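Written out below as structure tokens is the structure these notes cover.
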There are 2 protein chains.
Amino acid sequence: MKPLPPGITAAAFDRGLKSFEAVVGKDQLFVGDDDRAAYEDVYGPSMSPYHHPSAAVAPGSVEEVQAIVRAANEHRIPIWPISRGKNLGYGAAAPAMNGTVVVDLGRLNRILEIDVKRGYALLEPGVGFFDLYDYLEREKIPLWMSIAANAWGSVVGNALERGFGYTPYGDNASQICGIEAVLPDGGMFRTGMGAQTGNPTWNLFRPGFGPDWTGMLCQSNFGIVTKLGLWLEPEPQAAATVDVSLPNFEDIGWWIDTLAPLRLSRVLPSPPNTGNWLGVAAVASQRSQWTDSDAALTDQQIDAIRAKMGLGWWKTTLTFHGLEGAVEAQLKATLDAINNAGHADMKVTRWKRGDPPETALKARPTTLPLQMTNWYGGRGGHLGFSPIVPSDGKICLERIRKAKRRFEEADLDLYHSFTMGERYTTSIALITYDRDNAEMMDRVDKLFRHLVNDAREEGFGEYRTHLTYMDEVADCYDYNDHALRRLNEKLKDLIDPAGILAPGKQGVWPARYRGMRG
Amino acid sequence: MKPLPPGITAAAFDRGLKSFEAVVGKDQLFVGDDDRAAYEDVYGPSMSPYHHPSAAVAPGSVEEVQAIVRAANEHRIPIWPISRGKNLGYGAAAPAMNGTVVVDLGRLNRILEIDVKRGYALLEPGVGFFDLYDYLEREKIPLWMSIAANAWGSVVGNALERGFGYTPYGDNASQICGIEAVLPDGGMFRTGMGAQTGNPTWNLFRPGFGPDWTGMLCQSNFGIVTKLGLWLEPEPQAAATVDVSLPNFEDIGWWIDTLAPLRLSRVLPSPPNTGNWLGVAAVASQRSQWTDSDAALTDQQIDAIRAKMGLGWWKTTLTFHGLEGAVEAQLKATLDAINNAGHADMKVTRWKRGDPPETALKARPTTLPLQMTNWYGGRGGHLGFSPIVPSDGKICLERIRKAKRRFEEADLDLYHSFTMGERYTTSIALITYDRDNAEMMDRVDKLFRHLVNDAREEGFGEYRTHLTYMDEVADCYDYNDHALRRLNEKLKDLIDPAGILAPGKQGVWPARYRGMRG
């Protein structure tokens with residue numbers, strides 16, 4: 001059955017859909033059950049009754065996006081824009097609130113500009129990681145990308161949601177320079193230097209003159225991004241990678257402490273992602289190959305799997321890009337620091353300009369890691385729990401110990417990784433599950449809420465979360481009687497008085513739907 | 001005579017001052033003529049009748065800032081917050097609108113936290129570059145600063161106004177991580193992870209969860225910043241500088257084109273500032289030593305001065321920080337690129353950890369460049385004209401040629417420099433003058449307006465400007481019927497309905513004073 005937006009009658013809803021149809025035509029309005037199913041969160045927690053879209057509409061131009069936003073205001077229809085809808089682990093294409101109409105921007109898929117000399121791309125939201133990668137390869141453009149672990153999605157969407165890659169440009173949101181956005185009233189503006197007609201520095205200098213609204217448009221329901229400038233890395237003279245395996249659970253402590261000063265001083269220029277054995281085992285095998293038991297794998301079972309597959313407890317790749325001499329100096333300092341601190345198995349690979357391009361140590365898009373979701377069988381899915389912590393071995397070890405206990409309580413196998421910025425570390429516990437197993441999904445939900453609360457008690461909060469937990473996570477940001485939430489709501493009500501744009505995203509609800517807050 | 005804010009009677013104004021006095025006490029409210037004079041723009045264009053403060057008040061705590069903001073709302077008194085009021089060349093301590101009361105945050109001058117391991121400082125706005133530098137030196141803290149050319153001012157204020165230093169951390173606004181701000185209604189909030197009570201990653205990870213309001217608080221009148229986290233550079237293992245002199249005016253073309261790819265690839269990790277001969281000559285001498293004429297110096301005269309002082313046309317310093325091997329590799333690649341491209345006189349200096357600390361190639365605060373303002377004699381002053389342009393030799397050469405013609409038309413001597421980011425260059429024409437010479441000040445004003453219009457015709461706009469020209473510069477940002485200005489005004493009216501906070505800053509006027517727009 002078609003869910004309706006709260007407070008909207010079926011007749012009013014149909015009038016709204018008609019007005020969308022008048023903008024995009026019949027072919028680009030999707031109202032059937034199969035259509036709706038295509039925009040469900042097929043990886044998320046299946047038990048949620050809250051995130052079901054009522055329809056989808058696919059505009060083919062910025063003007064059509066504006067017209068849809070105006071029609072949504074007129075008919076008070078809530079809309080949920082997606083770039084390609086692959087925000088996997090965080091909600092995919094689905095809206096926060098039942099009955100919201102998905103605005104699918106996938107048809108806006110042009111690479112508008114690539115500037116080799118100045119290292120940027122100007123992209124529409126429908127451009128995927130594969131699209132951009134293929135284009136750069138085909139045209140032999142010497143710019144390298146920072147690519148999300150699962151590269152199914154949109155380059156623009158990933159940057160706006162503050163995703164990560166593992167190169168010197170790995171903090172994707174920091175590479176944003178120049179946004180065009182449709183506002184909730186249907187108006188359109190450009191940030192920074194783009195606010196001047198024809199200014200050629202829109203994608204070179206971010207802030208512009210006066211307040212900069214780039215941050216307002218990230219993880220946000222304050223505008224629909226229709227164009228985005230993204231800095232790309234010029235092909236370096238040389239590159240090296242170190243594939244690392246750490247044998248023991250506890251190794252993560254000294255490992256983080258060893259890398260932290262190297263990251264801070266930029267000796268190690270890229271954010272490394274250090275993940276546990278399950279990241280490999282769950283891609284290469286299914287759980288049923290190893291055990292018939294529903295209980296979480298014991299340490300003994302884990303050791304047996306690791307021995308059989310030749311895996312350490314932790315695995316990572318360190319990536320160096322730059323001048324050959326600089327890479328060698330950084331590599332040596334990094335290897336020396338690691339060897340002085342503890343035992344790690346390491347394999348160094350080198351590349352320099354002139355070597356075969358297919359051996360270049362650059363990021364390449366893949367969807368292989370998604371295979372992890374099949375660990376338990378059934379219709380697999382996953383949820384990421386991703387608080388930000390200081391780059392501190394003791395804190396990270398404590399976090400993973402607590403997470404391990406919580407996963408064991410929930411009888412679920414722990415996948416955990418740490419991605420290190422220059423000063424902070426993103427601590428990511430990934431829960432994989434069988435969505436067809438209602439009893440398991442109940443355990444998943446309890447586990448997730450424990451993880452949020454445990455982190456909160458230590459003063460930590462997530463940088464990003466799944467739709468189902470946005471209110472709970474937003475609630476952690478409670479300083480000065482939730483001053484940030486009050487500011488968000490105040491500005492939201494001004495800029496979106498009808499409350500049509502992505503109600504509930506990141507826990508920001510417009511006045512009209514504030515009662516929906518969980 | 002005391003200027004009053006527009007639309008405020010003397011009696012109402014006095015009631016407002018009384019309410020401020022009730023907050024801070026008699027000693028911290030400044031209402032005398034001498035007091036007011038201390039907050040005038042003593043370096044700006046003297047002819048402006050618009051930027052005269054009516055009084056100043058100096059709160060001693062965040063709570064007092066909040067109380068002043070609430071009182072300002074109650075009595076509808078416009079206020080203009082300053083950190084230390086040394087925004088020299090852009091307005092110093094003075095407000096945009098006559099009669100505005102300066103809120104002097106100089107008493108909030110605590111260094112609240114220095115984290116050596118994670119490379120940041122948490123600062124109040126009253127902390128000056130000298131204060132922070134002295135503290136780091138005294139406590140032997142191995143963190144290095146990025147310092148403005150004239151280091152008289154506030155570290156926080158400079159970062160918020162998007163000032164520059166010349167180290168790998170030279171883009172000061174990009175180092176901001178974590179802001180506490182008092183809102184125009186007297187409320188207070190913290191950005192990013194600071195929005196969670198006790199979260200220790202406030203100054204490590206900038207965006208937080210949901211929209212990030214950091215950019216809203218830069219060059220802005222949307223809040224009063226009372227605490228700011230700033231990333232500092234860990235002392236590098238080694239450093240090198242190259243002092244460069246370029247003999248000819250035209251050299252700037254190949255110079256920019258040679259450095260641009262080195263900056264983009266981070267082979268040259270710091271933004272170099274390339275300035276012309278007058279930057280040295282005007283510090284070391286006065287104009288009257290060289291000529292009695294009022295006309296702009298001719299090329300022949302300039303050549304004679306340069307010969308006498310042993311100066312090229314352009315001068316800069318390139319700065320490398322990092323591992324010794326990396327610095328050597330980057331230095332060699334840079335010197336090779338320069339030597340392949342043209343002729344430059346270069347002197348290399350090296351430092352590494354263990355060498356005498358007083359020889360460390362780190363930024364040190366100085367006010368010596370301010371001496372430039374005495375070039376013409378009288379009460380000297382200066383104005384910076386600072387559009388953003390692509391890092392492109394042809395464009396930069398064209399800009400400086402046009403600027404030179406405009407300066408010659410105005411019979412003023414041209415000081416010009418270029419600061420190169422990774423992708424853009426800040427093109428800075430600095431006008432120095434004698435504020436006591438009314439006829440000269442008239443020429444200065446005409447010159448400045450020509451510079452704004454010339455840049456605008458080419459599609460360029462300033463990143464920052466003096467109070468007197470904020471409306472004119474803001475007007476350049478005209479895309480889609482001034483969509484950015486309309487957004488700024490819309491949000492301004494919501495967040496500051498009484499229009500009390502810094503009316504006119506960066507051309508953003510609240511509804512109440514919108515008619516003041518120039």
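Each chain in the structure tokens gets a letter, A, B, ..., in the order shown, and its residues are numbered from 1; ligands are numbered from 1 in order too.
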Interface list for chain A, partner chain B, 7 Å threshold, only C-alpha atoms, as JSON, numbers by chain: {"A": [118, 188, 189, 190, 195, 196, 197, 198, 199, 201, 204, 205, 208, 209, 210, 211, 212, 213, 215, 216, 217, 218, 219, 220, 234, 265, 323, 325, 326, 329, 389, 390, 423, 424, 459, 460, 462, 463, 464, 476, 477, 478, 479, 480, 483, 484, 494, 506]}
I'd like to know which residues of region 30-219 of chain B are strand (DSSP E) (by DSSP, run on the backbone); could you write them as a short mmCIF file (atom, residue, chain, number, x, y, z; two decimals) with N, CA, C and O atoms, in the first residue's frame?
data_model
loop_
_atom_site.label_atom_id
_atom_site.label_comp_id
_atom_site.auth_asym_id
_atom_site.auth_seq_id
_atom_site.Cartn_x
_atom_site.Cartn_y
_atom_site.Cartn_z
N PHE B 30 33.28 52.95 27.13
CA PHE B 30 34.14 54.04 26.68
C PHE B 30 33.33 55.00 25.82
O PHE B 30 32.90 54.64 24.71
N ALA B 55 30.70 54.71 20.61
CA ALA B 55 31.19 54.34 21.94
C ALA B 55 31.81 52.95 21.79
O ALA B 55 31.75 52.35 20.71
N ALA B 56 32.39 52.47 22.87
CA ALA B 56 32.88 51.10 22.87
C ALA B 56 32.62 50.48 24.24
O ALA B 56 32.52 51.19 25.24
N VAL B 57 32.47 49.17 24.23
CA VAL B 57 32.22 48.46 25.48
C VAL B 57 33.07 47.19 25.45
O VAL B 57 33.19 46.55 24.40
N ILE B 79 25.75 47.06 17.22
CA ILE B 79 27.07 46.81 17.82
C ILE B 79 28.00 46.19 16.78
O ILE B 79 27.55 45.53 15.85
N TRP B 80 29.28 46.39 16.98
CA TRP B 80 30.31 45.93 16.02
C TRP B 80 31.42 45.23 16.80
O TRP B 80 32.24 45.89 17.44
N PRO B 81 31.43 43.91 16.80
CA PRO B 81 32.45 43.21 17.58
C PRO B 81 33.81 43.25 16.89
O PRO B 81 33.89 43.13 15.66
N ILE B 82 34.85 43.45 17.67
CA ILE B 82 36.22 43.35 17.15
C ILE B 82 37.01 42.42 18.07
O ILE B 82 36.71 42.32 19.27
N VAL B 101 28.16 50.89 18.11
CA VAL B 101 28.98 50.75 19.31
C VAL B 101 29.94 49.57 19.13
O VAL B 101 29.50 48.45 18.84
N VAL B 102 31.22 49.83 19.30
CA VAL B 102 32.21 48.76 19.17
C VAL B 102 32.18 47.86 20.41
O VAL B 102 32.16 48.35 21.54
N VAL B 103 32.11 46.56 20.20
CA VAL B 103 32.24 45.60 21.30
C VAL B 103 33.67 45.05 21.22
O VAL B 103 34.00 44.27 20.33
N ASP B 104 34.50 45.51 22.11
CA ASP B 104 35.92 45.19 22.09
C ASP B 104 36.16 43.91 22.90
O ASP B 104 35.99 43.89 24.12
N ILE B 111 44.65 31.95 26.27
CA ILE B 111 44.98 30.75 25.49
C ILE B 111 44.40 29.60 26.32
O ILE B 111 44.95 29.23 27.35
N LEU B 112 43.27 29.07 25.90
CA LEU B 112 42.54 28.14 26.76
C LEU B 112 43.15 26.75 26.75
O LEU B 112 43.05 26.01 27.72
N GLU B 113 43.78 26.40 25.65
CA GLU B 113 44.32 25.05 25.54
C GLU B 113 45.33 25.03 24.41
O GLU B 113 45.13 25.66 23.37
N ILE B 114 46.43 24.30 24.65
CA ILE B 114 47.36 23.98 23.56
C ILE B 114 47.52 22.48 23.61
O ILE B 114 47.89 21.93 24.65
N ASP B 115 47.23 21.80 22.52
CA ASP B 115 47.42 20.35 22.48
C ASP B 115 48.60 20.05 21.55
O ASP B 115 48.47 20.13 20.33
N TYR B 120 46.86 21.70 18.05
CA TYR B 120 45.88 22.79 17.95
C TYR B 120 45.95 23.69 19.18
O TYR B 120 46.50 23.32 20.21
N ALA B 121 45.37 24.87 19.01
CA ALA B 121 45.19 25.80 20.12
C ALA B 121 43.71 26.15 20.20
O ALA B 121 43.05 26.26 19.16
N LEU B 122 43.21 26.29 21.43
CA LEU B 122 41.86 26.83 21.61
C LEU B 122 42.03 28.24 22.17
O LEU B 122 42.61 28.41 23.25
N LEU B 123 41.53 29.22 21.44
CA LEU B 123 41.87 30.61 21.72
C LEU B 123 40.64 31.48 21.92
O LEU B 123 39.60 31.25 21.29
N LEU B 143 55.17 23.59 18.30
CA LEU B 143 54.13 23.87 17.30
C LEU B 143 54.47 25.20 16.64
O LEU B 143 54.84 26.15 17.33
N TRP B 144 54.33 25.25 15.33
CA TRP B 144 54.67 26.46 14.57
C TRP B 144 53.40 27.15 14.08
O TRP B 144 52.39 26.50 13.80
N ILE B 176 40.70 26.57 10.92
CA ILE B 176 39.69 26.72 11.98
C ILE B 176 39.01 25.37 12.23
O ILE B 176 38.55 24.72 11.29
N CYS B 177 38.96 24.96 13.47
CA CYS B 177 38.25 23.73 13.81
C CYS B 177 37.59 23.89 15.17
O CYS B 177 38.22 23.70 16.21
N GLY B 178 36.32 24.22 15.15
CA GLY B 178 35.57 24.36 16.40
C GLY B 178 35.41 25.82 16.80
O GLY B 178 36.38 26.48 17.15
N ILE B 179 34.18 26.31 16.71
CA ILE B 179 33.88 27.70 17.06
C ILE B 179 32.79 27.73 18.12
O ILE B 179 31.82 26.97 18.05
N GLU B 180 32.97 28.59 19.12
CA GLU B 180 31.87 28.95 20.03
C GLU B 180 31.45 30.36 19.66
O GLU B 180 32.30 31.25 19.53
N ALA B 181 30.16 30.57 19.47
CA ALA B 181 29.70 31.89 19.05
C ALA B 181 28.44 32.30 19.80
O ALA B 181 27.57 31.46 20.09
N VAL B 182 28.37 33.59 20.11
CA VAL B 182 27.15 34.18 20.66
C VAL B 182 26.31 34.64 19.47
O VAL B 182 26.81 35.32 18.58
N MET B 188 23.96 31.10 22.65
CA MET B 188 25.34 30.70 22.38
C MET B 188 25.35 29.26 21.91
O MET B 188 24.57 28.45 22.40
N PHE B 189 26.18 28.95 20.92
CA PHE B 189 26.28 27.56 20.46
C PHE B 189 27.72 27.25 20.07
O PHE B 189 28.55 28.15 19.95
N ARG B 190 27.98 25.96 19.94
CA ARG B 190 29.29 25.53 19.45
C ARG B 190 29.11 24.71 18.18
O ARG B 190 28.18 23.91 18.08
#
Separation of CA of Thr316 (chain A) from CA of Lys352 (chain A) in Å: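 Distance reported for this atom pair: 21.6 Å.
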Residues within 9 Å of region 405-417 of chain B, only C-alpha atoms, excluding chain neighbours under 2 positions, as a PyMOL selection string: chain B and resi 273-279+294-298+314+400-403+419+426-433+440+443-444+446-447+450-451
Shell around Met145 (chain B) at 10 Å using only C-alpha atoms, local window under 3 positions removed, as number ranges by chain: B: 129, 132-133, 136, 148, 155, 165-170, 172, 230-235, 362-365
Surrounding residues of Trp152 (chain A) excluding itself and chain neighbours under 2 positions, 12 Å, only C-alpha atoms, as JSON, numbers by chain: {"A": [83, 84, 85, 86, 87, 88, 92, 126, 127, 128, 129, 130, 131, 132, 133, 147, 148, 149, 150, 154, 155, 157, 158, 364, 365, 366, 367, 368, 369, 370]}
Shortest interatomic distance to Asp442 (chain B) - which of B:Pro45, B:Gly7, B:Pro142, B:Gly381, counting only C-alpha atoms: B:Pro45
DSSP-assigned alpha helix (DSSP H) among region 58-117 of chain B, expressed as JSON, numbers by chain: {"B": [62, 63, 64, 65, 66, 67, 68, 69, 70, 71, 72, 73, 74, 75]}
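Taking CA of Ala282 (chain A) as the reference point, CA of Met372 (chain A) is found at 4.7 Å.
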